[in-house]
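Read the structure below first, then the notes.
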Amino acid sequence: IYRSYENSTEIGIERVLKMSSLPAVFDFANAEKEICDKWSTEDTFQTQNSLSEDRSDPEYTFYDGPPFATGLPHYGHILAGTIKDVVTRYAAMNWKKVERRAGWDCHGLPVEYEIDQMLNITHRDQVLEMGIDKYNETCRSIVTRYTKEWESTITRLGRWIDFKNDYKTMDTNFMESVWWVFKELFNKNLVYQGYKVMPFSTACGTPLSNFESGLNYKDVRDPAVVVHFPLLDEDGTSFIAWTTTPWTLPSNIALCVHPELEYVKMLDKKSGNTYILAKSRICQLFPIMNNKKKWKPKMAAELFEIQSTFHGKDIVGKKYKPVFDFFDSKPESGNYFRILSDNYVTDDAGTGIVHQAPAFGEDDYRVCLAHGVIKKGGELPCPVDGNGMFTDEVPPVKGIHVKKADDTLIQLLKDAGRLVQKDNLDHSYPFCWRSDTPLIYKAVPSWFVKVEEIRDKIVANNSKTYWVPNSVKEKRFHNWLTDARDWAVSRNRFWGTPIPIWASDDLSEMVCIGSIDELEKLSGTRVTDLHRETVDDITIPSSKNDGTVLRRIDEVFDCWFESGSMPYAQKHYPFENKEKFEQGFPADFIAEGLDQTRGWFYTLMILATALFDKPAFQNLIVNGLVLAGDGKKMSKRLKNYPDPNLVIDKYGADALRMYLINSPVVRAEFLKFQEAGVLGVIKEVFLPWYNAFRFFIQNVERWESCGKKFVPSVDKVKLTTNSTDIWISAATQSLIKFVHEEMGAYRLYTVMPALVRFVTQLTNWYVRLNRDRLKGMSGDDTDAEIGLQVLYDVLLSVTTIMAPFTPFITEYFYQHLRKLQPSFKDSVNGGGSSNPIMPGKSDSVHFLKLPAYDESRLNQSAVDAMETLQSIVELGRNVRESRNISLKTPVKNVVVIMRNPVPQTISGISGPLKNYILSELNAWDLTIVNKEDEHNWVTLSLTPDFKLLGKKLGKKMKVAKDTIINLSHNDAVACLEKGELIVEGVTIDTKVELTSKLSFSRDGEHWESASTPSGDLVVAVDCEQNEEILAAGLSRELINHIQQLRKKSGLELKDVVEAFFCEEEGLTIAEDAVSKNVHVFKAKFNGSVPVPKRYAPQGIVVLASEVVDIGGSKVEVSICRPTLAVKNCTNPVISKILSTVPPEDIVQDQILSFSVDDTSYSLKEGDDFWKSTVAKMEALSIVAWL
């Protein structure tokens, strides 16, 4: 149907409503691609931003953590991107101005590691040989390798983010702001250089921060050895220590005990050796002691003898002989090889004595420093280079990686007679998050930010933020902050932002540079790039020693420092956008994965606190990890997950988006990705939603085919008196209210279940209950229009409120729904992309403002009544199933008994909703039992709440129970109404401490009942079957088969057909059923009735035919094109000619005149022919039942 608006020829607009454009089987993915193209062509995203700018909308600040573009996006990125897109779309449609700018993390280990692999670089010196400039240029060449693929995937996902105006951490402006951040910290005395034991990646040759070391733990098996250390002043006695890092033993310079722990001097009877170890750890030498079933205390005398007992503090200072002599001749060794004490020593494993290698243990370094074994800034044994290889200080394992040197060193211990025990230990161990190789702990000189000094402020600022879920903030993140240590921000690498400190050789004079201008002012050199190859050779004249210069220190920033500086650096703050940044800081919203609690969230919080004493953000959503379907980590190598691009191409992005945000992963839990879950969204939500939309368009088309014009009117919606209209409007407003409440609390995961429930209510209840009414089959055109008005209002409201979540399907719906709006004609000549915004005129659903809920349409009474209707219908269906009564077969009576229903519910289901219940249950009558008669139908039983009453009644509980459960119906009713029951002198609150339940108790085998789990609603059905009922059931079967044939033939609602049936010879089961229910068929088929095929006119065209089972009989059912029916005696040639005349062209009493073979004929409608077979049969009384 094409219908033009006034002057439509001039403005070039037509409203087109054609079912051909709405296929029964909808390809969501393909439709999304078309919408993507439309958005791209029309620049819809930028138009939304421009409209916001034009309205001067208030700012909503969003920070997007920059990803690395050295790999392709995976489900983790898609999940986080979906969360960000939903929230920012929601803000934009609430008319907030939201800058959504893409960013890329370009520096650091992820890039360098790839280049090292590409160029086969295994040592730092190789980079220096090739030149930092060449190395960095190679790094620069790959950092944007996959940006196009990222843009393609993210755009196809429906995420709106500005790729044209993106930022990169390698941009000069970004790097200059990073310099400014660091100088601010430097000026606040929050920066220092220290010598600290840190997690160290030997594969990448650089230290990692504590939070980086926590990103990738794996279960490993390491050698565990017990080694003895002979005392110098007591021959034959040794300390024994246990370690899982034998490679650190060459660097041992002390042993540590717990000062208050009890230690023993013990003779090992088997070996004859005397050892000192913690008393509670003797079991380390004799594992049988750990077996409670086998170990008997008397066995101890056979294994060992305790010679003396003492505390750890009593042996502090004692000297021992080192296991290796690699460092015993050092000048500092006079302080080495003695017993120290510290509370960090435990007795939960090992021997209670810990060997100390301060170059490879954080506690080792701290304890040795505290006891004067080493000096701060002084030399200490560290025979391992930056690649994890032993140096020539340990000749037996020179050039061997520490993790591969264990076996050699253990053999040396064994040969020297120092090995007491060798075993293996399975434990969790940190791996490098980039190279996936084991980390070691190694003392390295680093530049630190004083996190510990501002830790209390950081914790206080965290309390000002809102997290979803809150538990991550209050537990995981809070605990991490309260134990936060100084942050090592330097890396001994090349591709990164250089740390802007120029210093003298001895670091006695230092200058921290905060801008390009400042560097030019002090050095006389103007630069346009800030990477090492540009700034490393720049010198600054010393202000203290004439003739000398300051040179930049060697290190670059850890890339986490750059990402933590992102809020400032992306805007080139404070050099540009100063006021704009400060107005929008802290950010309204950020979102990333759970792993960022020790990463980006942490660095943001540190730097924002250090700079401004504020949190960097106000609201945060933390997502969990997306795992493969088998619960394992997704692996490209294992191919244990479907390619996200293929999933999107198969099911569409909307389905994937909704699957992800409806999962536990949005609550920071794990999600085992199942492709079937994405399909489930299509089946459970999108297809029913689409079918309701298509049904609406289909019936508006039918409405307008009669020469009427459908114009949406909210006023008509509000004036409806139909109970289901009022209910679905209330449910829609409730959904809108719910979405706003939940999005205000950033709880995305609650929206999808609410939408599923709503779509179910809309399609399974509202549309189904009103299907005939909406089709115009009720005979009341005004009522049909009101129903369509309500359905339009619901569809447009839900389409708009769900647009941030499912941007594609809602855009598709809107593009059709908008054409019905009078303002649609104003969309031409740029009107659709301009303010003011209004449905119809505006070119995209994403330009609209999200609807606010209409409180006047929230109607709890209507909702309650409808919920009761649904419960009645569902219980009634259960009863039918239990008696094997088909829904096509009617039942005489449905009886409903409710416990204390509100008057509005009773009036609803006994009044305007009654016919819906009768129709749904195919019942002839509905009886609502009043309170006075309920004892004739049900028994009210009471049960004590044992948990509440147990303590209250004590020993009287049994008597009370017997009394309560044996109350008669009337007594139970009376005590509930009174609110109390006295048993054994104890007053029981019947509303709180008892539970009540109705049970059907009426006699008669023809009754079948069902009740709700709570027992407050009972539905009983009279299941008696007689000839009249069975005939009505068979009629329903025949109606259903005719409808199925129409559907298979692709017919539309307005298409008229004639139906015929043919039974096996001698049988009249179908004809008998039709004859008894003519009124049912006429109501269903607009006056038409299926009739026996023997009455079909000559030349009738069969559209579809099928043999079906009706009442156990095989019946051929046919639907045919409407054909004029003629008198039985009519000339066959005339009959054939009349069969070509469309019945819809004939009016009552019309005379057709024509000639055949020079013979003239004049035939009158109603005398010689009729518009249908049924009309002929009625006129001529061919069968008694017509």
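If you're wondering about the labels, chains in the structure tokens are A, B, ... by order shown, residues count from 1 in each chain, ligands from 1 in order shown.
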Exercise. Skip A:Phe337 itself and residues of its chain fewer than 6 positions away, then list as a list of chain:residue names all residues within 6 Å of it, counting only C-alpha atoms.
Key: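 Non-adjacent residues within range: A:Ile253, A:Ala254, A:Lys319, A:Tyr320.
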Those same residues, written as a PDB file, in the first residue's frame with C-alpha atoms?
```
ATOM      1  CA  ILE A 253      74.799 -14.768  52.508  1.00  0.00           C
ATOM      2  CA  ALA A 254      72.595 -15.365  55.577  1.00  0.00           C
ATOM      3  CA  LYS A 319      78.092 -18.172  61.980  1.00  0.00           C
ATOM      4  CA  TYR A 320      77.953 -20.993  59.463  1.00  0.00           C
TER       5      TYR A 320
END
```
Which residues of stretch 499-616 of chain A come within 9 Å of stretch 131-140 of chain A, and for each one, what is the closest pair of atoms and their distance in Å to one decimal, counting only C-alpha atoms, sorted by chain and residue number, as JSON lines?
```
{"residue": "A:His531", "atom": "CA", "partner": "A:Asn136", "partner_atom": "CA", "distance": 8.3}
{"residue": "A:Arg532", "atom": "CA", "partner": "A:Ile132", "partner_atom": "CA", "distance": 7.3}
{"residue": "A:Glu533", "atom": "CA", "partner": "A:Asp133", "partner_atom": "CA", "distance": 5.1}
{"residue": "A:Thr534", "atom": "CA", "partner": "A:Asp133", "partner_atom": "CA", "distance": 8.3}
```
Store the residues of this selection in a file with N, CA and C atoms, as a JSON list (two decimals), in the first residue's frame.
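Output file part_24.json is given in full below:
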```
[["chain", "number", "residue", "atom", "x", "y", "z"],
["A", 531, "HIS", "N", 60.70, 10.55, 21.77],
["A", 531, "HIS", "CA", 61.24, 9.21, 21.98],
["A", 531, "HIS", "C", 62.75, 9.26, 22.20],
["A", 532, "ARG", "N", 63.30, 8.14, 22.61],
["A", 532, "ARG", "CA", 64.70, 8.10, 23.03],
["A", 532, "ARG", "C", 65.66, 8.56, 21.95],
["A", 533, "GLU", "N", 65.37, 8.13, 20.71],
["A", 533, "GLU", "CA", 66.30, 8.48, 19.64],
["A", 533, "GLU", "C", 66.38, 9.99, 19.41],
["A", 534, "THR", "N", 65.38, 10.72, 19.92],
["A", 534, "THR", "CA", 65.36, 12.18, 19.76],
["A", 534, "THR", "C", 65.96, 12.89, 20.96]]
```
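Nearest-residue note for A:Val86: choosing from A:Thr806, A:Gln1148, A:Thr800, A:Ser834, the minimum distance belongs to A:Thr806, counting only C-alpha atoms.
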Do a neighbour search on stretch 1114-1124 of chain A at 7 Å with only C-alpha atoms, toss out local chain neighbours closer than 4 positions, and write the hits as a JSON list (two decimals) with all heavy atoms, in the first residue's frame.
```json
[["chain", "number", "residue", "atom", "x", "y", "z"],
["A", 1056, "VAL", "N", -9.02, -13.37, 1.39],
["A", 1056, "VAL", "CA", -10.22, -14.18, 1.64],
["A", 1056, "VAL", "C", -10.09, -15.50, 0.88],
["A", 1056, "VAL", "O", -9.65, -15.54, -0.27],
["A", 1056, "VAL", "CB", -11.49, -13.43, 1.19],
["A", 1056, "VAL", "CG1", -12.74, -14.29, 1.40],
["A", 1056, "VAL", "CG2", -11.61, -12.12, 1.94],
["A", 1057, "VAL", "N", -10.48, -16.61, 1.54],
["A", 1057, "VAL", "CA", -10.48, -17.92, 0.89],
["A", 1057, "VAL", "C", -11.79, -18.64, 1.23],
["A", 1057, "VAL", "O", -12.53, -18.23, 2.12],
["A", 1057, "VAL", "CB", -9.29, -18.78, 1.36],
["A", 1057, "VAL", "CG1", -7.96, -18.15, 0.98],
["A", 1057, "VAL", "CG2", -9.34, -19.03, 2.87],
["A", 1058, "GLU", "N", -12.04, -19.70, 0.48],
["A", 1058, "GLU", "CA", -13.13, -20.61, 0.82],
["A", 1058, "GLU", "C", -12.51, -21.93, 1.24],
["A", 1058, "GLU", "O", -11.50, -22.37, 0.66],
["A", 1058, "GLU", "CB", -14.06, -20.81, -0.37],
["A", 1058, "GLU", "CG", -14.87, -19.57, -0.72],
["A", 1058, "GLU", "CD", -15.93, -19.86, -1.77],
["A", 1058, "GLU", "OE1", -16.99, -20.38, -1.40],
["A", 1058, "GLU", "OE2", -15.67, -19.56, -2.96],
["A", 1059, "ALA", "N", -13.11, -22.57, 2.25],
["A", 1059, "ALA", "CA", -12.56, -23.82, 2.77],
["A", 1059, "ALA", "C", -13.54, -24.96, 2.52],
["A", 1059, "ALA", "O", -14.76, -24.81, 2.68],
["A", 1059, "ALA", "CB", -12.28, -23.68, 4.26],
["A", 1060, "PHE", "N", -12.96, -26.11, 2.13],
["A", 1060, "PHE", "CA", -13.76, -27.32, 1.87],
["A", 1060, "PHE", "C", -13.08, -28.51, 2.55],
["A", 1060, "PHE", "O", -11.86, -28.51, 2.76],
["A", 1060, "PHE", "CB", -13.88, -27.57, 0.37],
["A", 1060, "PHE", "CG", -14.56, -26.45, -0.38],
["A", 1060, "PHE", "CD1", -13.81, -25.42, -0.95],
["A", 1060, "PHE", "CD2", -15.94, -26.41, -0.52],
["A", 1060, "PHE", "CE1", -14.42, -24.38, -1.64],
["A", 1060, "PHE", "CE2", -16.56, -25.38, -1.21],
["A", 1060, "PHE", "CZ", -15.80, -24.36, -1.76],
["A", 1061, "PHE", "N", -13.88, -29.51, 2.86],
["A", 1061, "PHE", "CA", -13.31, -30.72, 3.45],
["A", 1061, "PHE", "C", -13.96, -31.93, 2.81],
["A", 1061, "PHE", "O", -15.09, -31.87, 2.31],
["A", 1061, "PHE", "CB", -13.49, -30.75, 4.96],
["A", 1061, "PHE", "CG", -14.91, -30.63, 5.44],
["A", 1061, "PHE", "CD1", -15.71, -31.77, 5.57],
["A", 1061, "PHE", "CD2", -15.46, -29.41, 5.78],
["A", 1061, "PHE", "CE1", -17.03, -31.68, 6.01],
["A", 1061, "PHE", "CE2", -16.77, -29.30, 6.22],
["A", 1061, "PHE", "CZ", -17.56, -30.45, 6.34],
["A", 1062, "CYS", "N", -13.21, -33.04, 2.81],
["A", 1062, "CYS", "CA", -13.70, -34.28, 2.22],
["A", 1062, "CYS", "C", -13.34, -35.43, 3.14],
["A", 1062, "CYS", "O", -12.15, -35.66, 3.42],
["A", 1062, "CYS", "CB", -13.09, -34.49, 0.83],
["A", 1062, "CYS", "SG", -13.65, -36.01, 0.02],
["A", 1063, "GLU", "N", -14.38, -36.13, 3.63],
["A", 1063, "GLU", "CA", -14.14, -37.23, 4.57],
["A", 1063, "GLU", "C", -14.18, -38.57, 3.86],
["A", 1063, "GLU", "O", -14.61, -38.69, 2.71],
["A", 1063, "GLU", "CB", -15.21, -37.20, 5.67],
["A", 1063, "GLU", "CG", -15.25, -35.90, 6.45],
["A", 1063, "GLU", "CD", -16.25, -35.93, 7.58],
["A", 1063, "GLU", "OE1", -15.97, -36.55, 8.61],
["A", 1063, "GLU", "OE2", -17.33, -35.31, 7.43],
["A", 1064, "GLU", "N", -13.67, -39.59, 4.62],
["A", 1064, "GLU", "CA", -13.73, -40.94, 4.09],
["A", 1064, "GLU", "C", -15.20, -41.34, 3.90],
["A", 1064, "GLU", "O", -16.08, -40.91, 4.64],
["A", 1064, "GLU", "CB", -13.04, -41.90, 5.05],
["A", 1064, "GLU", "CG", -11.54, -41.64, 5.18],
["A", 1064, "GLU", "CD", -10.89, -42.53, 6.24],
["A", 1064, "GLU", "OE1", -11.28, -42.43, 7.42],
["A", 1064, "GLU", "OE2", -10.02, -43.31, 5.86],
["A", 1100, "ILE", "N", -13.08, -24.21, -9.53],
["A", 1100, "ILE", "CA", -12.48, -23.54, -8.37],
["A", 1100, "ILE", "C", -10.98, -23.85, -8.31],
["A", 1100, "ILE", "O", -10.54, -24.96, -8.66],
["A", 1100, "ILE", "CB", -13.20, -23.96, -7.07],
["A", 1100, "ILE", "CG1", -12.87, -22.96, -5.96],
["A", 1100, "ILE", "CG2", -12.80, -25.38, -6.64],
["A", 1100, "ILE", "CD1", -13.82, -23.04, -4.79],
["A", 1101, "VAL", "N", -10.18, -22.85, -7.90],
["A", 1101, "VAL", "CA", -8.71, -23.00, -7.85],
["A", 1101, "VAL", "C", -8.29, -23.32, -6.42],
["A", 1101, "VAL", "O", -8.55, -22.54, -5.49],
["A", 1101, "VAL", "CB", -8.02, -21.70, -8.32],
["A", 1101, "VAL", "CG1", -6.50, -21.83, -8.17],
["A", 1101, "VAL", "CG2", -8.40, -21.40, -9.76],
["A", 1102, "VAL", "N", -7.65, -24.47, -6.25],
["A", 1102, "VAL", "CA", -7.18, -24.90, -4.92],
["A", 1102, "VAL", "C", -5.83, -24.24, -4.64],
["A", 1102, "VAL", "O", -4.88, -24.40, -5.43],
["A", 1102, "VAL", "CB", -7.06, -26.43, -4.84],
["A", 1102, "VAL", "CG1", -6.50, -26.83, -3.48],
["A", 1102, "VAL", "CG2", -8.41, -27.08, -5.09],
["A", 1103, "LEU", "N", -5.74, -23.52, -3.53],
["A", 1103, "LEU", "CA", -4.48, -22.87, -3.14],
["A", 1103, "LEU", "C", -3.60, -23.80, -2.32],
["A", 1103, "LEU", "O", -2.38, -23.77, -2.44],
["A", 1103, "LEU", "CB", -4.78, -21.60, -2.33],
["A", 1103, "LEU", "CG", -5.61, -20.53, -3.03],
["A", 1103, "LEU", "CD1", -5.91, -19.38, -2.07],
["A", 1103, "LEU", "CD2", -4.88, -20.02, -4.26],
["A", 1104, "ALA", "N", -4.23, -24.62, -1.48],
["A", 1104, "ALA", "CA", -3.46, -25.56, -0.66],
["A", 1104, "ALA", "C", -4.41, -26.63, -0.18],
["A", 1104, "ALA", "O", -5.60, -26.38, 0.07],
["A", 1104, "ALA", "CB", -2.81, -24.86, 0.52],
["A", 1105, "SER", "N", -3.87, -27.85, -0.04],
["A", 1105, "SER", "CA", -4.70, -28.97, 0.39],
["A", 1105, "SER", "C", -3.84, -29.93, 1.21],
["A", 1105, "SER", "O", -2.64, -30.08, 0.93],
["A", 1105, "SER", "CB", -5.30, -29.69, -0.82],
["A", 1105, "SER", "OG", -6.11, -30.77, -0.40],
["A", 1106, "GLU", "N", -4.48, -30.56, 2.22],
["A", 1106, "GLU", "CA", -3.72, -31.45, 3.08],
["A", 1106, "GLU", "C", -4.67, -32.44, 3.73],
["A", 1106, "GLU", "O", -5.80, -32.09, 4.10],
["A", 1106, "GLU", "CB", -2.98, -30.65, 4.16],
["A", 1106, "GLU", "CG", -2.03, -31.49, 4.99],
["A", 1106, "GLU", "CD", -1.23, -30.62, 5.96],
["A", 1106, "GLU", "OE1", -1.65, -29.46, 6.21],
["A", 1106, "GLU", "OE2", -0.21, -31.09, 6.48],
["A", 1107, "VAL", "N", -4.22, -33.68, 3.87],
["A", 1107, "VAL", "CA", -5.01, -34.69, 4.58],
["A", 1107, "VAL", "C", -4.59, -34.67, 6.05],
["A", 1107, "VAL", "O", -3.40, -34.81, 6.36],
["A", 1107, "VAL", "CB", -4.79, -36.09, 3.98],
["A", 1107, "VAL", "CG1", -5.55, -37.14, 4.80],
["A", 1107, "VAL", "CG2", -5.25, -36.13, 2.53],
["A", 1108, "VAL", "N", -5.57, -34.46, 6.91],
["A", 1108, "VAL", "CA", -5.28, -34.32, 8.34],
["A", 1108, "VAL", "C", -6.15, -35.28, 9.13],
["A", 1108, "VAL", "O", -7.09, -35.90, 8.60],
["A", 1108, "VAL", "CB", -5.54, -32.86, 8.80],
["A", 1108, "VAL", "CG1", -4.65, -31.89, 8.06],
["A", 1108, "VAL", "CG2", -7.01, -32.50, 8.63],
["A", 1109, "ASP", "N", -5.80, -35.38, 10.43],
["A", 1109, "ASP", "CA", -6.56, -36.24, 11.32],
["A", 1109, "ASP", "C", -7.51, -35.38, 12.16],
["A", 1109, "ASP", "O", -7.08, -34.48, 12.87],
["A", 1109, "ASP", "CB", -5.60, -37.01, 12.24],
["A", 1109, "ASP", "CG", -6.35, -38.02, 13.10],
["A", 1109, "ASP", "OD1", -7.06, -37.59, 14.02],
["A", 1109, "ASP", "OD2", -6.21, -39.22, 12.85],
["A", 1110, "ILE", "N", -8.80, -35.68, 12.06],
["A", 1110, "ILE", "CA", -9.79, -34.98, 12.88],
["A", 1110, "ILE", "C", -10.66, -36.03, 13.55],
["A", 1110, "ILE", "O", -11.39, -36.77, 12.86],
["A", 1110, "ILE", "CB", -10.66, -34.02, 12.04],
["A", 1110, "ILE", "CG1", -9.80, -32.91, 11.43],
["A", 1110, "ILE", "CG2", -11.77, -33.40, 12.89],
["A", 1110, "ILE", "CD1", -10.55, -31.93, 10.54],
["A", 1138, "LEU", "N", -18.17, -17.58, -15.36],
["A", 1138, "LEU", "CA", -18.41, -16.91, -14.07],
["A", 1138, "LEU", "C", -17.28, -17.20, -13.06],
["A", 1138, "LEU", "O", -17.01, -16.40, -12.18],
["A", 1138, "LEU", "CB", -19.76, -17.36, -13.49],
["A", 1138, "LEU", "CG", -21.00, -16.81, -14.19],
["A", 1138, "LEU", "CD1", -22.26, -17.31, -13.54],
["A", 1138, "LEU", "CD2", -20.99, -15.28, -14.20],
["A", 1139, "SER", "N", -16.63, -18.37, -13.24],
["A", 1139, "SER", "CA", -15.55, -18.70, -12.30],
["A", 1139, "SER", "C", -14.35, -17.77, -12.45],
["A", 1139, "SER", "O", -13.47, -17.72, -11.60],
["A", 1139, "SER", "CB", -15.11, -20.16, -12.50],
["A", 1139, "SER", "OG", -14.39, -20.31, -13.73],
["A", 1142, "PRO", "N", -13.95, -12.09, -10.30],
["A", 1142, "PRO", "CA", -13.60, -11.97, -8.88],
["A", 1142, "PRO", "C", -14.85, -11.66, -8.06],
["A", 1142, "PRO", "O", -15.56, -10.68, -8.34],
["A", 1142, "PRO", "CB", -12.61, -10.80, -8.84],
["A", 1142, "PRO", "CG", -12.09, -10.70, -10.24],
["A", 1142, "PRO", "CD", -13.21, -11.11, -11.13],
["A", 1143, "PRO", "N", -15.17, -12.45, -7.03],
["A", 1143, "PRO", "CA", -16.35, -12.21, -6.21],
["A", 1143, "PRO", "C", -16.35, -10.82, -5.57],
["A", 1143, "PRO", "O", -17.42, -10.23, -5.36],
["A", 1143, "PRO", "CB", -16.29, -13.32, -5.16],
["A", 1143, "PRO", "CG", -15.51, -14.41, -5.81],
["A", 1143, "PRO", "CD", -14.49, -13.71, -6.66],
["A", 1169, "PHE", "N", -26.59, -16.75, -9.38],
["A", 1169, "PHE", "CA", -25.25, -17.04, -8.85],
["A", 1169, "PHE", "C", -25.08, -16.31, -7.51],
["A", 1169, "PHE", "O", -25.86, -15.40, -7.20],
["A", 1169, "PHE", "CB", -24.16, -16.60, -9.84],
["A", 1169, "PHE", "CG", -24.07, -15.11, -10.04],
["A", 1169, "PHE", "CD1", -23.20, -14.34, -9.25],
["A", 1169, "PHE", "CD2", -24.84, -14.46, -11.02],
["A", 1169, "PHE", "CE1", -23.13, -12.97, -9.45],
["A", 1169, "PHE", "CE2", -24.76, -13.10, -11.19],
["A", 1169, "PHE", "CZ", -23.90, -12.34, -10.41],
["A", 1170, "TRP", "N", -24.08, -16.76, -6.78],
["A", 1170, "TRP", "CA", -23.84, -16.17, -5.45],
["A", 1170, "TRP", "C", -22.34, -15.91, -5.29],
["A", 1170, "TRP", "O", -21.51, -16.51, -5.97],
["A", 1170, "TRP", "CB", -24.33, -17.11, -4.35],
["A", 1170, "TRP", "CG", -25.83, -17.25, -4.35],
["A", 1170, "TRP", "CD1", -26.73, -16.57, -3.61],
["A", 1170, "TRP", "CD2", -26.60, -18.13, -5.18],
["A", 1170, "TRP", "NE1", -28.01, -16.94, -3.89],
["A", 1170, "TRP", "CE2", -27.97, -17.92, -4.87],
["A", 1170, "TRP", "CE3", -26.29, -19.08, -6.18],
["A", 1170, "TRP", "CZ2", -29.00, -18.61, -5.48],
["A", 1170, "TRP", "CZ3", -27.32, -19.77, -6.78],
["A", 1170, "TRP", "CH2", -28.67, -19.53, -6.44],
["A", 1171, "LYS", "N", -22.02, -15.04, -4.36],
["A", 1171, "LYS", "CA", -20.61, -14.62, -4.20],
["A", 1171, "LYS", "C", -19.73, -15.71, -3.58],
["A", 1171, "LYS", "O", -18.50, -15.63, -3.64],
["A", 1171, "LYS", "CB", -20.52, -13.35, -3.33],
["A", 1171, "LYS", "CG", -21.16, -12.14, -4.01],
["A", 1171, "LYS", "CD", -21.10, -10.91, -3.13],
["A", 1171, "LYS", "CE", -19.68, -10.42, -2.94],
["A", 1171, "LYS", "NZ", -19.65, -9.11, -2.23],
["A", 1172, "SER", "N", -20.38, -16.73, -2.98],
["A", 1172, "SER", "CA", -19.59, -17.83, -2.40],
["A", 1172, "SER", "C", -20.46, -19.07, -2.32],
["A", 1172, "SER", "O", -21.69, -19.00, -2.44],
["A", 1172, "SER", "CB", -19.11, -17.47, -1.00],
["A", 1172, "SER", "OG", -20.21, -17.41, -0.09]]
```
Quiz prompt | Non-local contacts of A:Gly81 (9 Å; only C-alpha atoms; under 4 positions in same chain excluded) as a PyMOL selection string | solution = chain A and resi 76-77+85-86+154+157+159+591-592
Quiz item: Hey, what's within 9 Å of A:Glu811 if we count only C-alpha atoms and toss same-chain stuff fewer than 6 positions away? As an MDAnalysis selection string, please?
Solution: chainID A and resid 35 799:800 803 844:846
Just-selected residues, N, CA and C atoms written as a compact mmCIF listing (two decimals), in the first residue's frame:
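That gives us again.txt:
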```txt
# COMPACT_ATOMS: atom_id res chain seq x y z
N ILE A 35 22.16 -1.69 8.30
CA ILE A 35 22.07 -0.55 9.21
C ILE A 35 23.45 0.06 9.43
N THR A 799 11.19 0.13 21.92
CA THR A 799 12.25 0.32 20.92
C THR A 799 13.20 1.43 21.36
N THR A 800 12.65 2.50 21.88
CA THR A 800 13.49 3.64 22.28
C THR A 800 14.30 3.33 23.54
N ALA A 803 17.20 0.98 22.91
CA ALA A 803 18.17 1.35 21.87
C ALA A 803 19.62 1.31 22.34
N SER A 844 17.10 8.84 13.22
CA SER A 844 17.58 7.65 13.92
C SER A 844 16.95 7.57 15.30
N VAL A 845 16.71 6.34 15.73
CA VAL A 845 16.19 6.15 17.09
C VAL A 845 17.20 6.66 18.11
N HIS A 846 18.48 6.69 17.72
CA HIS A 846 19.53 7.09 18.64
C HIS A 846 19.63 8.61 18.79
```
Could you make a table, as a tab-separated table, of the residues of stretch 257-363 of chain A that have an atom within 9 Å of an atom of stretch 208-229 of chain A, each with its nearest atom pair and distance in Å to one decimal, counting only C-alpha atoms, in chain and number order?
```
residue	atom	partner	partner_atom	distance
A:Tyr275	CA	A:His228	CA	7.8
A:Gln284	CA	A:Val226	CA	8.9
A:Leu285	CA	A:Val226	CA	8.7
A:Tyr320	CA	A:Phe229	CA	6.0
A:Lys321	CA	A:Phe229	CA	5.9
A:Pro322	CA	A:Phe229	CA	6.4
A:Val323	CA	A:Phe229	CA	6.6
A:Gly350	CA	A:Val226	CA	8.0
A:Thr351	CA	A:Val226	CA	8.2
```
Quiz prompt | Selection: 7 Å around stretch 185-197 of chain A, only C-alpha atoms, excl. self and same-chain fewer than 5 positions, as number ranges by chain | solution = A: 359-362, 377, 441-450, 610
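Across the structure, atom CA of A:Lys775 and atom CA of A:Asn699 are spaced 5.9 Å apart.
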Exercise. For A:Asp57, work out the shell of residues within 12 Å, counting only C-alpha atoms and skipping chain neighbours fewer than 4 positions away, then give it as a ChimeraX atom specification.
Key: /A:48-53,91-99,849
Quiz item: Which residue gives the smallest distance to A:Pro567 among A:Ile1069, A:Val873, A:Ala587, A:Leu1163, with only C-alpha atoms counted?
Solution: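 Among the listed residues, the smallest separation from A:Pro567 belongs to A:Ala587.
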Self-check item: strand (DSSP E) call set, DSSP backbone run, stretch 1082-1121 of chain A, as a VMD selection string
Solution: chain A and resid 1091 to 1092 1102 to 1110 1113 to 1120
Practice problem: Go through stretch 869-1014 of chain A and collect every residue that DSSP, computed from the backbone, puts in alpha helix (DSSP H); the answer should be as a PyMOL selection string. | Solution: chain A and resi 869-883+903-910+914-921+946-953+957-965+969-978
